[in-house]
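To be precise, the following lines are start_33.pdb, and they hold PDB, C-alpha atoms.
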ATOM      1  CA  PRO E  11     130.952 105.645  66.630  1.00  0.00           C
ATOM      2  CA  LEU E  12     130.371 104.801  70.311  1.00  0.00           C
ATOM      3  CA  SER E  13     127.001 106.563  70.399  1.00  0.00           C
ATOM      4  CA  MET E  14     125.924 104.831  67.202  1.00  0.00           C
ATOM      5  CA  TYR E  15     127.033 101.444  68.531  1.00  0.00           C
ATOM      6  CA  LEU E  16     125.076 101.950  71.773  1.00  0.00           C
ATOM      7  CA  ALA E  17     122.019 103.191  69.867  1.00  0.00           C
ATOM      8  CA  HIS E  18     122.124  99.997  67.804  1.00  0.00           C
ATOM      9  CA  LYS E  19     122.033  98.115  71.127  1.00  0.00           C
ATOM     10  CA  LYS E  20     118.783  99.996  71.976  1.00  0.00           C
ATOM     11  CA  PHE E  21     120.311 102.648  74.238  1.00  0.00           C
ATOM     12  CA  LYS E  22     119.095 106.240  73.993  1.00  0.00           C
ATOM     13  CA  VAL E  23     122.339 108.150  73.694  1.00  0.00           C
ATOM     14  CA  ALA E  24     123.421 111.763  73.638  1.00  0.00           C
ATOM     15  CA  ASN E  25     127.032 112.818  73.162  1.00  0.00           C
ATOM     16  CA  VAL E  26     127.816 116.028  75.060  1.00  0.00           C
ATOM     17  CA  PRO E  27     131.297 117.409  74.370  1.00  0.00           C
ATOM     18  CA  LEU E  28     132.791 119.202  77.369  1.00  0.00           C
ATOM     19  CA  MET E  29     134.975 122.091  76.297  1.00  0.00           C
ATOM     20  CA  PRO E  30     136.049 125.136  78.333  1.00  0.00           C
ATOM     21  CA  GLU E  31     134.541 127.541  75.784  1.00  0.00           C
ATOM     22  CA  LEU E  32     131.084 125.976  75.999  1.00  0.00           C
ATOM     23  CA  GLN E  33     128.722 125.812  78.957  1.00  0.00           C
ATOM     24  CA  PRO E  34     127.309 122.306  79.271  1.00  0.00           C
ATOM     25  CA  PRO E  35     123.535 122.189  78.900  1.00  0.00           C
ATOM     26  CA  ASP E  36     121.587 122.595  82.165  1.00  0.00           C
ATOM     27  CA  GLU E  37     119.836 119.284  81.443  1.00  0.00           C
ATOM     28  CA  LEU E  38     123.134 117.487  82.045  1.00  0.00           C
ATOM     29  CA  PHE E  39     122.894 118.379  85.730  1.00  0.00           C
ATOM     30  CA  ARG E  40     119.212 117.391  86.006  1.00  0.00           C
ATOM     31  CA  ILE E  41     119.543 113.865  84.603  1.00  0.00           C
ATOM     32  CA  PRO E  42     120.074 111.198  87.273  1.00  0.00           C
ATOM     33  CA  LYS E  43     123.829 110.618  87.559  1.00  0.00           C
ATOM     34  CA  GLY E  44     123.280 106.876  87.134  1.00  0.00           C
ATOM     35  CA  LYS E  45     122.259 107.520  83.521  1.00  0.00           C
ATOM     36  CA  ILE E  46     125.423 109.454  82.683  1.00  0.00           C
ATOM     37  CA  VAL E  47     128.845 108.065  81.825  1.00  0.00           C
ATOM     38  CA  GLY E  48     131.807 110.381  81.443  1.00  0.00           C
ATOM     39  CA  LEU E  49     134.623 109.461  79.099  1.00  0.00           C
ATOM     40  CA  THR E  50     138.245 110.457  79.500  1.00  0.00           C
ATOM     41  CA  ILE E  51     141.468 109.612  77.692  1.00  0.00           C
ATOM     42  CA  ASP E  52     145.214 109.803  78.262  1.00  0.00           C
ATOM     43  CA  VAL E  53     146.698 113.169  77.250  1.00  0.00           C
ATOM     44  CA  HIS E  54     149.430 111.709  75.083  1.00  0.00           C
ATOM     45  CA  TYR E  55     147.121 109.235  73.349  1.00  0.00           C
ATOM     46  CA  LEU E  56     144.659 112.015  72.468  1.00  0.00           C
ATOM     47  CA  ASN E  57     147.563 114.156  71.287  1.00  0.00           C
ATOM     48  CA  VAL E  58     148.563 111.454  68.779  1.00  0.00           C
ATOM     49  CA  ILE E  59     144.958 111.055  67.587  1.00  0.00           C
ATOM     50  CA  ARG E  60     144.489 114.798  67.094  1.00  0.00           C
ATOM     51  CA  LYS E  61     147.766 115.231  65.235  1.00  0.00           C
ATOM     52  CA  GLU E  62     146.783 112.437  62.852  1.00  0.00           C
ATOM     53  CA  ARG E  63     143.361 114.034  62.366  1.00  0.00           C
ATOM     54  CA  LEU E  64     144.984 117.354  61.459  1.00  0.00           C
ATOM     55  CA  LYS E  65     147.364 115.672  59.009  1.00  0.00           C
ATOM     56  CA  ALA E  66     144.424 113.891  57.354  1.00  0.00           C
ATOM     57  CA  LEU E  67     142.778 117.279  56.887  1.00  0.00           C
ATOM     58  CA  GLY E  68     145.959 118.714  55.388  1.00  0.00           C
ATOM     59  CA  LEU E  69     146.541 121.012  58.355  1.00  0.00           C
ATOM     60  CA  PRO E  70     149.726 121.463  60.376  1.00  0.00           C
ATOM     61  CA  ASP E  71     149.883 119.259  63.445  1.00  0.00           C
ATOM     62  CA  SER E  72     151.084 122.252  65.446  1.00  0.00           C
ATOM     63  CA  ALA E  73     147.563 123.740  65.714  1.00  0.00           C
ATOM     64  CA  ALA E  74     146.430 124.622  69.245  1.00  0.00           C
ATOM     65  CA  TYR E  75     143.810 121.844  68.991  1.00  0.00           C
ATOM     66  CA  ALA E  76     146.589 119.241  69.231  1.00  0.00           C
ATOM     67  CA  THR E  77     148.890 120.794  71.819  1.00  0.00           C
ATOM     68  CA  THR E  78     149.449 118.975  75.084  1.00  0.00           C
ATOM     69  CA  ALA E  79     148.605 122.131  77.054  1.00  0.00           C
ATOM     70  CA  ARG E  80     145.240 122.516  75.286  1.00  0.00           C
ATOM     71  CA  ILE E  81     144.383 118.843  75.776  1.00  0.00           C
ATOM     72  CA  GLU E  82     145.308 119.009  79.468  1.00  0.00           C
ATOM     73  CA  GLN E  83     143.066 122.076  79.845  1.00  0.00           C
ATOM     74  CA  GLU E  84     140.142 120.315  78.145  1.00  0.00           C
ATOM     75  CA  LEU E  85     140.565 117.136  80.190  1.00  0.00           C
ATOM     76  CA  ALA E  86     140.781 119.062  83.468  1.00  0.00           C
ATOM     77  CA  TYR E  87     137.624 120.985  82.576  1.00  0.00           C
ATOM     78  CA  ALA E  88     135.781 117.785  81.649  1.00  0.00           C
ATOM     79  CA  ALA E  89     136.977 116.048  84.834  1.00  0.00           C
ATOM     80  CA  ASP E  90     135.619 118.938  86.912  1.00  0.00           C
ATOM     81  CA  ILE E  91     132.208 118.730  85.231  1.00  0.00           C
ATOM     82  CA  MET E  92     132.073 114.935  85.629  1.00  0.00           C
ATOM     83  CA  LYS E  93     133.022 115.280  89.299  1.00  0.00           C
ATOM     84  CA  ARG E  94     130.220 117.823  89.814  1.00  0.00           C
ATOM     85  CA  ILE E  95     127.765 115.407  88.204  1.00  0.00           C
ATOM     86  CA  GLY E  96     129.104 112.447  90.176  1.00  0.00           C
ATOM     87  CA  CYS E  97     128.862 110.094  87.217  1.00  0.00           C
ATOM     88  CA  VAL E  98     130.884 106.997  86.401  1.00  0.00           C
ATOM     89  CA  VAL E  99     133.988 107.896  84.369  1.00  0.00           C
ATOM     90  CA  ILE E 100     135.591 105.465  81.925  1.00  0.00           C
ATOM     91  CA  ASP E 101     139.082 105.884  80.498  1.00  0.00           C
ATOM     92  CA  VAL E 102     138.820 105.060  76.795  1.00  0.00           C
ATOM     93  CA  SER E 103     142.577 105.142  76.159  1.00  0.00           C
ATOM     94  CA  HIS E 104     143.514 102.170  73.989  1.00  0.00           C
ATOM     95  CA  ARG E 105     139.977 100.728  74.143  1.00  0.00           C
ATOM     96  CA  ALA E 106     137.954  99.612  71.175  1.00  0.00           C
ATOM     97  CA  VAL E 107     134.466 101.063  70.745  1.00  0.00           C
ATOM     98  CA  GLU E 108     132.967  97.647  71.546  1.00  0.00           C
ATOM     99  CA  GLU E 109     134.955  97.340  74.782  1.00  0.00           C
ATOM    100  CA  THR E 110     133.922 100.805  75.928  1.00  0.00           C
ATOM    101  CA  ALA E 111     130.303 100.076  75.013  1.00  0.00           C
ATOM    102  CA  SER E 112     130.417  96.861  77.036  1.00  0.00           C
ATOM    103  CA  LEU E 113     131.642  98.776  80.098  1.00  0.00           C
ATOM    104  CA  ILE E 114     128.876 101.337  79.659  1.00  0.00           C
ATOM    105  CA  MET E 115     126.219  98.643  79.271  1.00  0.00           C
ATOM    106  CA  GLU E 116     127.400  97.093  82.551  1.00  0.00           C
ATOM    107  CA  CYS E 117     126.885 100.466  84.296  1.00  0.00           C
ATOM    108  CA  ILE E 118     123.579 101.460  82.742  1.00  0.00           C
ATOM    109  CA  PRO E 119     120.716  99.044  82.046  1.00  0.00           C
ATOM    110  CA  SER E 120     118.961  99.663  78.729  1.00  0.00           C
ATOM    111  CA  SER E 121     115.586 101.362  78.919  1.00  0.00           C
TER     112      SER E 121
END
Would you mind writing the structure in this file as structure tokens?
Amino acid sequence: PLSMYLAHKKFKVANVPLMPELQPPDELFRIPKGKIVGLTIDVHYLNVIRKERLKALGLPDSAAYATTARIEQELAYAADIMKRIGCVVIDVSHRAVEETASLIMECIPSS
């Protein structure tokens, strides 16, 4: 939803998930850091979101995808990548899509 909202505001957007099992694309490290915004979220807030997602899919909320340990691992990995890039990082915990988009638009002028 955030990428679609920003695209509607005339931003060219790519959403690159950062997960330990996947190498981020090399292009991510070649783009000027001023054009990249990293997103992070509170562990416990993401845990609640993921458990609800699993329930909606009819799956047990005990899946590894929703464990605190797994989420902490993913967030640490993402934080390391964002630190290597040197990009702005925004905590999206408890933020509406529009609020997050506004923060991003303040950081990055539309092209």
- [ ] Compile the contact shell of Pro11 of chain E as a list in words: residues with an atom at most 10 Å away, counting only C-alpha atoms, same-chain residues fewer than 5 positions apart removed.
- [x] Leu16, Ala17, Val107 and Glu108 of chain E
Open item on the list: Going by the chain IDs and residue numbers used in this file, which residues fall under the PyMOL selection byres ((chain E and resi 22-25) around 12)? Write them as an MDAnalysis selection string.
Closed with: chainID E and resid 11:21 26:28 34:35 37:38 41 45:49 111 114:115 118:121
- [ ] Please evaluate the PyMOL selection byres ((chain E and resi 86) around 12) against the displayed coordinates and give the resulting residues as a PyMOL selection string.
- [x] chain E and resi 28-30+50-53+79-85+87-93
Go ahead and fit an axis-aligned box to every listed atom of segment 22-28 of chain E plus 6 Å each side, and pass me the centre and edge lengths in Å, one decimal, as AutoDock Vina command-line options.
--center_x 125.9 --center_y 112.7 --center_z 75.3 --size_x 25.7 --size_y 25.0 --size_z 16.2
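Once the PyMOL selection byres ((chain E and resi 61-63) around 12) is applied to the depicted file, the selected set reads His54, Tyr55, Leu56, Asn57, Val58, Ile59, Arg60, Leu64, Lys65, Ala66, Leu67, Gly68, Leu69, Pro70, Asp71, Ser72, Ala73, Ala74, Tyr75, Ala76, Thr77, Thr78 and Ile81 of chain E.
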Task: Atom-to-atom span, atom CA of Gly44 of chain E and atom CA of Asp101 of chain E, Å - done: 17.2 Å
Task: Best match for closeness to Val99 of chain E among E:Leu32, E:Phe39, E:Cys117, E:Ser112, counting all atoms listed in the file - done: E:Cys117
Task: One-decimal distance in Å that lies between atom CA of Val98 of chain E and atom CA of Lys43 of chain E - done: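 Straight-line distance from atom CA of Lys43 of chain E to atom CA of Val98 of chain E works out to 8.0 Å.
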